[in-house]
Amino acid sequence: MDRMTLPPAAWREREGLARLCDVLGAAEGHVRFVGGAVRDTLLGIDVADIDLATPLAPEDVLDRLRAAGIRAVPTGLAHGTITAILPGGSPVEVTTLRRDVSTDGRHATVAFTDDWREDAARRDFTINALYADPLTGEIVDYFGGREDLAAQRVRFIGDPLQRIAEDHLRILRFFRFHARFGDEIDHAGLEACATRANDLMALSRERIASELLKLLVAQHAVPVVELIVERGIFLPVLPEIGAQGVERLAVLAEREAAAGVTGDAIRRLSALLPRDPAAAEDVGARLKLSKIDRRRLISAAQSAGDEPAEVIAYRLGQALAIDRLLLSERPVTETASLTDWTSPILRLTGGALVERGVRKGPDVARLLRSVEEQWIAEGFPDAARVAAIADDSVAQWLLATR
């Protein structure tokens, strides 16, 4: 392809970035933008994270940054990564060029190099191995990444089977990137992922969960997950996910769109699983999800029931209510009604019941719950009605305790 330069983009004007590149030797060709920032800029996508690559040794990078008064954090020194903090607090990862010495599918032992092509060759996909000169913007592409971007194709660098053997997580990354950027799938990559699906068993469940949750909110998540299930790629680690789960995911994605609700990874994972709280709890524990996400997964596996949407939201909280409603067959208008909903507050305390003559003790809590249930049943009426309900409840209690 003809020589290409990186288009102008807001992230390239970030305060302190030009000075950082200058300190690292941009004028001498010692630093380049790499990876997602280059790829996404070429696609016209907003860039959040900036990565720089350099042939400078990590210690040299540290010395240069500190001498220039740029805050430097040795986040991954053994692997050559230093995080530089720009004036506004924005982090930029600076990584020394590397080559793999040995890999076991989970971890890699690396050696530093000054060979840009060698560094590119160890990356996963051609679209992630694009570099750009920070001064001229000239794109450096060793493996046809630009052509693959234009074709909306996610393609492994080199032999797909070998690349997956080096890092088993690349199976899920292949599908995640295809769901985000791809059109027609690369068949060599697909066959390699299917062949080596059992390799996923060697990975930590946290790494699997991280990739899976990112995949589930990608643009083309539904057809890609369907393909993964068809090829049996989830079976070694998530056998609970089958064809029926894919159907539920497709329905959920349509309902999210109809309700104007952003696709949510945990909710979509719940759709993929059987509607069984015990199964949800097991998968949540196996994937080592956070306590909050496990609670959502278990809650989403339960029925929405037939109470009004606002009542469900009051009892469970807005997020859990939206999960249950979207995963049910109830009208999506109910979910839409909750997007700007604010939970009402019962303006009544136990002390107010004591002032009405209720003796302190368990009866106060019981009466407060009774008033709250009637308040809910009446659709959350105003304070005057709450006071009337409280008066009636206390009067009945006084009669019963005489």
# chains A, B, ... in the order shown; residues from 1 in each chain; ligands from 1
$ residues_around --residues "Thr349 (chain A)" --least-positions-apart "4" --cutoff "10 Å" --atoms "only C-alpha atoms" --output "list in words"
Leu353, Val354, Val364, Ala365 and Leu368 of chain A
$ closest_residue --among "A:Ala258, A:Ala121, A:Ile139, A:Ala319" --to "Pro331 (chain A)" --atoms "only C-alpha atoms"
A:Ala258
$ closest_residue --among "A:Tyr131, A:Phe175, A:Phe143, A:Trp375" --to "Ser393 (chain A)" --atoms "only C-alpha atoms"
A:Trp375
$ residues_around --residues "Gly379 (chain A)" --least-positions-apart "3" --cutoff "12 Å" --atoms "only C-alpha atoms" --output "list in words"
Glu307, Pro308, Ala309, Glu310, Val311, Ile312, Tyr314, Ser343, Pro344, Leu346, Glu372, Glu373, Gln374, Trp375, Ile376, Asp382, Arg385 and Val386 of chain A
$ write_last_selection --atoms "C-alpha atoms" --output "mmCIF file, in the first residue's frame"
data_model
loop_
_atom_site.group_PDB
_atom_site.id
_atom_site.type_symbol
_atom_site.label_atom_id
_atom_site.label_comp_id
_atom_site.auth_asym_id
_atom_site.auth_seq_id
_atom_site.Cartn_x
_atom_site.Cartn_y
_atom_site.Cartn_z
ATOM 1 C CA GLU A 307 -45.539 -6.680 40.628
ATOM 2 C CA PRO A 308 -45.373 -3.248 38.977
ATOM 3 C CA ALA A 309 -41.954 -2.303 37.618
ATOM 4 C CA GLU A 310 -41.537 0.504 40.158
ATOM 5 C CA VAL A 311 -42.243 -1.903 43.021
ATOM 6 C CA ILE A 312 -39.640 -4.365 41.731
ATOM 7 C CA TYR A 314 -37.954 -0.332 44.961
ATOM 8 C CA SER A 343 -36.575 5.503 44.262
ATOM 9 C CA PRO A 344 -39.208 6.964 46.615
ATOM 10 C CA LEU A 346 -40.788 6.300 53.079
ATOM 11 C CA GLU A 372 -44.322 0.258 54.209
ATOM 12 C CA GLU A 373 -46.090 -2.652 52.485
ATOM 13 C CA GLN A 374 -49.369 -0.736 52.357
ATOM 14 C CA TRP A 375 -47.526 2.353 51.086
ATOM 15 C CA ILE A 376 -45.979 0.221 48.333
ATOM 16 C CA ASP A 382 -47.365 11.260 49.726
ATOM 17 C CA ARG A 385 -51.232 9.451 53.267
ATOM 18 C CA VAL A 386 -48.274 7.761 54.993
#
$ residues_around --residues "region 8-17 of chain A" --least-positions-apart "6" --cutoff "8 Å" --atoms "only C-alpha atoms" --output "list in words"
Thr41, Val47, Ala48, Leu86, Pro87 and Gly88 of chain A
$ write_last_selection --atoms "C-alpha atoms" --output "PDB file, in the first residue's frame"
ATOM      1  CA  THR A  41      -7.656   6.434  14.855  1.00  0.00           C
ATOM      2  CA  VAL A  47      -9.101   6.698  21.625  1.00  0.00           C
ATOM      3  CA  ALA A  48      -8.884   6.312  25.390  1.00  0.00           C
ATOM      4  CA  LEU A  86       0.810  13.326  31.715  1.00  0.00           C
ATOM      5  CA  PRO A  87       0.060  16.708  33.378  1.00  0.00           C
ATOM      6  CA  GLY A  88      -3.691  16.126  33.395  1.00  0.00           C
TER       7      GLY A  88
END
$ residues_around --residues "region 176-186 of chain A" --least-positions-apart "2" --cutoff "8 Å" --atoms "only C-alpha atoms" --output "ChimeraX atom specification"
/A:149,151-155,172-174,188-190,211-212,214-215,218-221,224
$ write_last_selection --atoms "N, CA and C atoms" --output "compact mmCIF listing (two decimals), in the first residue's frame"
# COMPACT_ATOMS: atom_id res chain seq x y z
N LEU A 149 -7.64 -4.07 8.22
CA LEU A 149 -8.60 -3.08 8.71
C LEU A 149 -9.61 -2.71 7.63
N ALA A 151 -10.52 -4.45 5.15
CA ALA A 151 -11.37 -5.60 4.83
C ALA A 151 -12.21 -6.03 6.02
N GLN A 152 -12.09 -5.33 7.16
CA GLN A 152 -12.78 -5.71 8.41
C GLN A 152 -12.50 -7.17 8.74
N ARG A 153 -11.21 -7.46 8.78
CA ARG A 153 -10.77 -8.84 9.00
C ARG A 153 -9.80 -8.88 10.18
N VAL A 154 -10.05 -9.80 11.10
CA VAL A 154 -9.14 -10.02 12.23
C VAL A 154 -8.30 -11.25 11.88
N ARG A 155 -6.99 -11.05 11.77
CA ARG A 155 -6.12 -12.12 11.30
C ARG A 155 -4.90 -12.22 12.22
N LEU A 172 -10.12 -16.26 22.82
CA LEU A 172 -11.23 -15.34 23.12
C LEU A 172 -10.98 -13.96 22.56
N ARG A 173 -9.72 -13.52 22.53
CA ARG A 173 -9.41 -12.22 21.95
C ARG A 173 -9.74 -12.19 20.46
N PHE A 174 -9.51 -13.30 19.77
CA PHE A 174 -9.83 -13.38 18.35
C PHE A 174 -11.31 -13.09 18.13
N ALA A 188 -8.93 -19.41 8.77
CA ALA A 188 -7.75 -20.05 9.37
C ALA A 188 -7.72 -19.79 10.87
N GLY A 189 -8.06 -18.58 11.26
CA GLY A 189 -8.11 -18.26 12.68
C GLY A 189 -9.22 -19.01 13.39
N LEU A 190 -10.39 -19.09 12.77
CA LEU A 190 -11.52 -19.80 13.36
C LEU A 190 -11.19 -21.28 13.59
N GLU A 211 -12.14 -11.31 29.27
CA GLU A 211 -12.34 -11.30 27.81
C GLU A 211 -13.79 -11.54 27.44
N LEU A 212 -14.43 -12.49 28.14
CA LEU A 212 -15.81 -12.82 27.81
C LEU A 212 -16.74 -11.62 28.02
N LYS A 214 -16.00 -8.46 27.95
CA LYS A 214 -15.76 -7.47 26.89
C LYS A 214 -16.41 -7.90 25.58
N LEU A 215 -16.32 -9.19 25.27
CA LEU A 215 -16.92 -9.72 24.05
C LEU A 215 -18.43 -9.50 24.04
N ALA A 218 -19.64 -6.18 22.71
CA ALA A 218 -19.13 -5.74 21.42
C ALA A 218 -20.28 -5.60 20.42
N GLN A 219 -20.03 -4.88 19.34
CA GLN A 219 -21.09 -4.54 18.39
C GLN A 219 -21.79 -5.77 17.83
N HIS A 220 -21.02 -6.78 17.47
CA HIS A 220 -21.61 -7.97 16.84
C HIS A 220 -21.53 -9.18 17.77
N ALA A 221 -21.79 -8.94 19.06
CA ALA A 221 -21.64 -10.00 20.05
C ALA A 221 -22.53 -11.21 19.76
N VAL A 224 -21.40 -13.58 16.90
CA VAL A 224 -20.09 -14.15 17.23
C VAL A 224 -20.22 -15.20 18.33
$ residues_around --residues "Gly350 (chain A)" --least-positions-apart "2" --cutoff "12 Å" --atoms "only C-alpha atoms" --output "list in words"
Leu346, Arg347, Leu348, Ala352, Leu353, Val354, Glu355, Arg356, Gly357, Val358, Arg359, Lys360, Gly361, Pro362, Asp363, Val364, Ala365, Arg366, Leu367, Leu368, Arg369, Ser370, Val371, Glu372, Ala390 and Val394 of chain A
$ decode --residues "region 132-220 of chain A" --atoms "C-alpha atoms" --output "PDB file, in the first residue's frame"
ATOM      1  CA  ALA A 132       2.988   5.505  13.881  1.00  0.00           C
ATOM      2  CA  ASP A 133       5.775   8.060  14.090  1.00  0.00           C
ATOM      3  CA  PRO A 134       4.700  10.717  16.657  1.00  0.00           C
ATOM      4  CA  LEU A 135       6.289  13.542  14.641  1.00  0.00           C
ATOM      5  CA  THR A 136       5.340  12.725  11.057  1.00  0.00           C
ATOM      6  CA  GLY A 137       2.387  10.440  11.740  1.00  0.00           C
ATOM      7  CA  GLU A 138       3.765   7.928   9.220  1.00  0.00           C
ATOM      8  CA  ILE A 139       2.235   4.474   9.646  1.00  0.00           C
ATOM      9  CA  VAL A 140       4.566   1.489   9.897  1.00  0.00           C
ATOM     10  CA  ASP A 141       2.842  -1.784   9.046  1.00  0.00           C
ATOM     11  CA  TYR A 142       4.871  -5.003   8.867  1.00  0.00           C
ATOM     12  CA  PHE A 143       2.117  -7.601   8.427  1.00  0.00           C
ATOM     13  CA  GLY A 144      -0.706  -6.117   6.370  1.00  0.00           C
ATOM     14  CA  GLY A 145      -2.738  -4.675   9.228  1.00  0.00           C
ATOM     15  CA  ARG A 146      -4.005  -1.782   7.115  1.00  0.00           C
ATOM     16  CA  GLU A 147      -5.383  -4.132   4.474  1.00  0.00           C
ATOM     17  CA  ASP A 148      -7.060  -6.203   7.180  1.00  0.00           C
ATOM     18  CA  LEU A 149      -8.603  -3.082   8.714  1.00  0.00           C
ATOM     19  CA  ALA A 150      -9.975  -2.094   5.331  1.00  0.00           C
ATOM     20  CA  ALA A 151     -11.367  -5.604   4.835  1.00  0.00           C
ATOM     21  CA  GLN A 152     -12.783  -5.706   8.406  1.00  0.00           C
ATOM     22  CA  ARG A 153     -10.768  -8.842   9.003  1.00  0.00           C
ATOM     23  CA  VAL A 154      -9.136 -10.021  12.226  1.00  0.00           C
ATOM     24  CA  ARG A 155      -6.116 -12.119  11.302  1.00  0.00           C
ATOM     25  CA  PHE A 156      -3.396 -13.699  13.409  1.00  0.00           C
ATOM     26  CA  ILE A 157       0.192 -12.731  12.724  1.00  0.00           C
ATOM     27  CA  GLY A 158       1.886 -15.876  11.420  1.00  0.00           C
ATOM     28  CA  ASP A 159       0.595 -19.378  12.170  1.00  0.00           C
ATOM     29  CA  PRO A 160      -2.659 -19.135  14.202  1.00  0.00           C
ATOM     30  CA  LEU A 161      -2.069 -22.472  15.944  1.00  0.00           C
ATOM     31  CA  GLN A 162       1.359 -21.348  17.096  1.00  0.00           C
ATOM     32  CA  ARG A 163       0.107 -17.961  18.243  1.00  0.00           C
ATOM     33  CA  ILE A 164      -2.608 -19.611  20.346  1.00  0.00           C
ATOM     34  CA  ALA A 165      -0.080 -22.048  21.785  1.00  0.00           C
ATOM     35  CA  GLU A 166       1.936 -19.036  22.935  1.00  0.00           C
ATOM     36  CA  ASP A 167      -1.045 -17.413  24.662  1.00  0.00           C
ATOM     37  CA  HIS A 168      -4.286 -19.366  24.993  1.00  0.00           C
ATOM     38  CA  LEU A 169      -6.292 -16.220  25.750  1.00  0.00           C
ATOM     39  CA  ARG A 170      -5.887 -15.286  22.092  1.00  0.00           C
ATOM     40  CA  ILE A 171      -8.781 -17.647  21.355  1.00  0.00           C
ATOM     41  CA  LEU A 172     -11.227 -15.341  23.120  1.00  0.00           C
ATOM     42  CA  ARG A 173      -9.408 -12.215  21.953  1.00  0.00           C
ATOM     43  CA  PHE A 174      -9.834 -13.378  18.346  1.00  0.00           C
ATOM     44  CA  PHE A 175     -13.594 -13.520  18.785  1.00  0.00           C
ATOM     45  CA  ARG A 176     -13.755 -10.302  20.812  1.00  0.00           C
ATOM     46  CA  PHE A 177     -11.905  -8.321  18.165  1.00  0.00           C
ATOM     47  CA  HIS A 178     -13.954  -9.951  15.413  1.00  0.00           C
ATOM     48  CA  ALA A 179     -17.159  -8.957  17.257  1.00  0.00           C
ATOM     49  CA  ARG A 180     -15.893  -5.392  17.428  1.00  0.00           C
ATOM     50  CA  PHE A 181     -14.166  -4.900  14.076  1.00  0.00           C
ATOM     51  CA  GLY A 182     -14.811  -7.904  11.867  1.00  0.00           C
ATOM     52  CA  ASP A 183     -17.073  -8.695   8.942  1.00  0.00           C
ATOM     53  CA  GLU A 184     -16.313 -12.027   7.282  1.00  0.00           C
ATOM     54  CA  ILE A 185     -14.377 -14.184   9.726  1.00  0.00           C
ATOM     55  CA  ASP A 186     -10.853 -15.361   8.985  1.00  0.00           C
ATOM     56  CA  HIS A 187     -11.326 -19.113   8.528  1.00  0.00           C
ATOM     57  CA  ALA A 188      -7.752 -20.053   9.370  1.00  0.00           C
ATOM     58  CA  GLY A 189      -8.113 -18.255  12.681  1.00  0.00           C
ATOM     59  CA  LEU A 190     -11.518 -19.802  13.363  1.00  0.00           C
ATOM     60  CA  GLU A 191     -10.277 -23.335  12.702  1.00  0.00           C
ATOM     61  CA  ALA A 192      -7.251 -22.783  14.932  1.00  0.00           C
ATOM     62  CA  CYS A 193      -9.461 -21.545  17.782  1.00  0.00           C
ATOM     63  CA  ALA A 194     -11.766 -24.551  17.449  1.00  0.00           C
ATOM     64  CA  THR A 195      -8.828 -26.957  17.313  1.00  0.00           C
ATOM     65  CA  ARG A 196      -7.198 -25.523  20.422  1.00  0.00           C
ATOM     66  CA  ALA A 197     -10.380 -24.810  22.441  1.00  0.00           C
ATOM     67  CA  ASN A 198      -9.248 -27.141  25.234  1.00  0.00           C
ATOM     68  CA  ASP A 199      -6.307 -24.784  25.829  1.00  0.00           C
ATOM     69  CA  LEU A 200      -8.754 -22.453  27.558  1.00  0.00           C
ATOM     70  CA  MET A 201      -8.794 -24.859  30.501  1.00  0.00           C
ATOM     71  CA  ALA A 202      -5.235 -23.837  31.364  1.00  0.00           C
ATOM     72  CA  LEU A 203      -6.157 -20.178  31.820  1.00  0.00           C
ATOM     73  CA  SER A 204      -7.201 -18.492  35.049  1.00  0.00           C
ATOM     74  CA  ARG A 205     -10.927 -17.980  35.189  1.00  0.00           C
ATOM     75  CA  GLU A 206     -10.379 -14.275  35.865  1.00  0.00           C
ATOM     76  CA  ARG A 207      -8.693 -13.858  32.470  1.00  0.00           C
ATOM     77  CA  ILE A 208     -11.488 -15.788  30.771  1.00  0.00           C
ATOM     78  CA  ALA A 209     -14.120 -13.655  32.494  1.00  0.00           C
ATOM     79  CA  SER A 210     -12.396 -10.414  31.514  1.00  0.00           C
ATOM     80  CA  GLU A 211     -12.340 -11.302  27.815  1.00  0.00           C
ATOM     81  CA  LEU A 212     -15.815 -12.821  27.807  1.00  0.00           C
ATOM     82  CA  LEU A 213     -17.437  -9.773  29.404  1.00  0.00           C
ATOM     83  CA  LYS A 214     -15.759  -7.468  26.892  1.00  0.00           C
ATOM     84  CA  LEU A 215     -16.921  -9.716  24.046  1.00  0.00           C
ATOM     85  CA  LEU A 216     -20.532  -9.686  25.232  1.00  0.00           C
ATOM     86  CA  VAL A 217     -20.899  -5.926  24.771  1.00  0.00           C
ATOM     87  CA  ALA A 218     -19.125  -5.737  21.420  1.00  0.00           C
ATOM     88  CA  GLN A 219     -21.086  -4.542  18.389  1.00  0.00           C
ATOM     89  CA  HIS A 220     -21.613  -7.967  16.839  1.00  0.00           C
TER      90      HIS A 220
END
